[in-house]
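Beneath this line is the structure, given in structure tokens, with notes to follow.
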Amino acid sequence: MPHTVAQIAAALGARFEGAGDLTVTGAAEPAAASPFDLALAMDPRYADGLAKGRARVALLWEGADWEAMGLQAAIFAPRGRLAMAGLTRMFDPAPAITPGLSPLAAIDPSAEIGEGAAIGPFAVIGANAVIGPRARIAEHVSVGAEAVIGADALLLAGARIGARVQIGDRFIAQPGCVIGGDGFSFVTEERSRVEEARATLGKPEQTKPQSWLRIHSLGGVTIGDDVEVGANTTIDRGTIRDTQIGRGSKIDNLVQVGHNVIVGEDCLLCGQVGVAGSTRIGNRVVLGGQVGVVDNITVGDDVVAGAGTLITSNAPAGRVLMGSPAVRMDQHVEMYKAQRRLPRILAQIADLQKTVKNLVEKGRDGDP
Amino acid sequence: MPHTVAQIAAALGARFEGAGDLTVTGAAEPAAASPFDLALAMDPRYADGLAKGRARVALLWEGADWEAMGLQAAIFAPRGRLAMAGLTRMFDPAPAITPGLSPLAAIDPSAEIGEGAAIGPFAVIGANAVIGPRARIAEHVSVGAEAVIGADALLLAGARIGARVQIGDRFIAQPGCVIGGDGFSFVTEERSRVEEARATLGKPEQTKPQSWLRIHSLGGVTIGDDVEVGANTTIDRGTIRDTQIGRGSKIDNLVQVGHNVIVGEDCLLCGQVGVAGSTRIGNRVVLGGQVGVVDNITVGDDVVAGAGTLITSNAPAGRVLMGSPAVRMDQHVEMYKAQRRLPRILAQIADLQKTVKNLVEKGRDGDP
Amino acid sequence: MPHTVAQIAAALGARFEGAGDLTVTGAAEPAAASPFDLALAMDPRYADGLAKGRARVALLWEGADWEAMGLQAAIFAPRGRLAMAGLTRMFDPAPAITPGLSPLAAIDPSAEIGEGAAIGPFAVIGANAVIGPRARIAEHVSVGAEAVIGADALLLAGARIGARVQIGDRFIAQPGCVIGGDGFSFVTEERSRVEEARATLGKPEQTKPQSWLRIHSLGGVTIGDDVEVGANTTIDRGTIRDTQIGRGSKIDNLVQVGHNVIVGEDCLLCGQVGVAGSTRIGNRVVLGGQVGVVDNITVGDDVVAGAGTLITSNAPAGRVLMGSPAVRMDQHVEMYKAQRRLPRILAQIADLQKTVKNLVEKGRDGDP
């Protein structure tokens, strides 16, 4: 899709200099840019790359001397990553989903399909499902009975939306995600060893062998507007009420969200995060890659947890967490430094013990 | 599905009081309950919710004064979660899988399909596969050649059962799980850097660059009765013999079970657990979310491991484990407390060193 | 597939003794071997098993007395696991993918299908996709528009290859893997709380609530020859340039490789590894199960990281890492030992403090 420099600058709310009518068809890293690419060099350390590539126009840091770089035009982005959002949206070719309903899809006659929706081959749309207008549904997608999906959804190959799941507008499902699998909830007839272990802090009594009885999931999943769910991520349905994902929250690949969990608005859950059953995550919470959150706790608004953090108890709003188990980031840094010094310190303590022993003995010798 | 209060109480083996012929069609949290729901309030802290909702009957804690709460009937559950198992089973609407064999499924003519089995659109059943009676197989499921699946199985959308996999009765496969992918097993022509690192405890000699040769997986996967496997979970086939999952074990979403692993009976493997190749897990073992178990070790019967535990060596039967690497839960708590005190302790040690140095110097000054 | 002892030995480059014309049709563990299996007993501890089974020929350790074991022939493997590679390849029955193009597949007429390729039912091949000769593509696989897949590929059930992904020869995709999902990349209009937390080491200023803007992924994924990707693993496309996986690298199940990541050649990424965006992994790197690598760092050639390691900063070539956060393996062992001694040491320090206090007081008393 060709755009002129002036059009791009206008779309980004950015300033340009030079040939505003120059046309580009894509974006590229400076060294790899063709004459038809906008080179992305929002930081002086990319300046060298520009000389290697063949771009005629670049997205540059404020104050860059574009003419000296041999360019014909420049766009200036005060906040580079923000410009990337607008720019990549402009140049995204969008997934190739053929308009209309594929004759190879299995669409239940009772399903309600919004105007302009596209449904690909081998997709399955269940009874009484509601698909919003302009939804794009790729091949092999399942949408269960009575599920509701809002306007402008993009469901990529093999995404699974279970029965009765409710989803807002502009939803994006990456390939293979599963929304509305059953919760993992089992109970034994008598108190189990896990219940014993929790009650006795790790010293359970001998318990008799028991099998697990299944607690079925009668609830669904409710997802707000502007949510994205990553490839092969799983979000389980609730037991009685719905599992909930708030408006604007973004979930990466291979994330597990357990039954009854409530995730607030505008959260980021990075790759391989796991949130166990019935936990509540506030608004604007950011959980780094591989973070774990145990069941039945509350993580306050604006909490940020670094990669690999294991959150084992309630976290107050605004806290920045690290470590396994999680502590405040500054405390974690201090604990970790101490830990690294520990082997050396132990040697010093042994020395100290020897010295003190000598002093004590000398004192005793000198006693009258 | 409507049930009377008396029917529900009988099914749960519970006692009821009041209008036994009152009919409900579902279960709900107290505040959200309609007049046709059974409100779930097994703990006094849910009593407030009852007043907000419109339930006429509730599942209550023993001794609750249901008449004072304005209810027409009450069921009393001594063990609330246990009652949930029976109750949710009664009200589960069950997945909408159309009875019979979909004309859109690709079923090999040599496959043996049990009486009353249902197979959905775009499912693929391989040559000589055996599907037990009353199995319900949803859309997009694959069952490989010569696989055997027992009676009353429920295979949800996109579950993949590989060739020659053997599964018992009442199996549940959540969407997207993969049973019988190839094991991850590679070898280099000469001793590899990893083998060197293990042999030298982290100081490998320089090794020459080598590529990986694939060890193919000739074994299968054998799964006992009453097993459930979560969404997008993966269980690899064995190298020569079968990977095994014992009767009654339940596996959550996004779990990885490596080649040759043996999981015993009645285990729980929570979300994102990983068990590496050739490890043996005993009976009734419970692994919390994100637990990792390294290859070629043995985890004894009745072991319980908290979320995020990394089990790096054999664990004796009955042990409760935490931490990374895993230690006994009580030891972990003690170590962790010490670790948190550590920065403060290091300051005290520095003080102590100064004091002792002074004492030593004073002693030396006083020496004749 | 039957092979004679002499044929097997020749294929493995190994020596045999006894009846070279004896024919076997499979391989088995010693105790489970039938008369038509080659028993695998590369270590003396498997000798007992041989007596229990019915094998007539075994793969044995050098120097084993096969005649005394009642065998009719023996093959001697100096490096047992290496022999396993050759042997399992010989006996692998290979997945049952019907030759030719299934009439139930949806293959875009513009796609270029190599000679001898097989495509299964309900597979979808997009516009202008290129499938190499002899590729075997199982049911439910998607190959996106303009994707290129080399010769002799094996794509198992439900593997998803996104648009414009480029893959070399002999590629193996286990079921359900997703190659070319969108990167997880979002930005806020103003500096976000995460940026604040990174800049202030955990003490972010109050930030105003903001929503996330999506950075679209315009790049693809480029994969070299001889790569294998595990079941339900996800590899995201790059933002501007391609995410890259080098020749000969092997990736296990449920692994997440983020956008823009570069993985070198001959690497092993074990189950549930996560590599965050824009990180570079060198050649011959081995990451154990559940290892995490944060974004925007470099892991040097030949690095080995033990299971559960969290790599949070650049790692020099050749380093062996453990722990969370990662340190050198030997340092980790030392730190961990110290940590286990810590509760005991704290008691000793308290004693020492008391003793020194006494000494100081005594010294003061004795002062003139």
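Residue numbering restarts at 1 for every chain of the structure tokens, chains are lettered A, B, ... in their displayed order, and ligands are numbered from 1 as they appear.
Any residue of chain A with an atom within 6 Å of chain C counts; using only C-alpha atoms, that gives A:Ala28, A:Leu82, A:Ala85, A:Thr88, A:Arg89, A:Asp92, A:Asp252, A:Asp266, A:Val320, A:Met329, A:Pro343.
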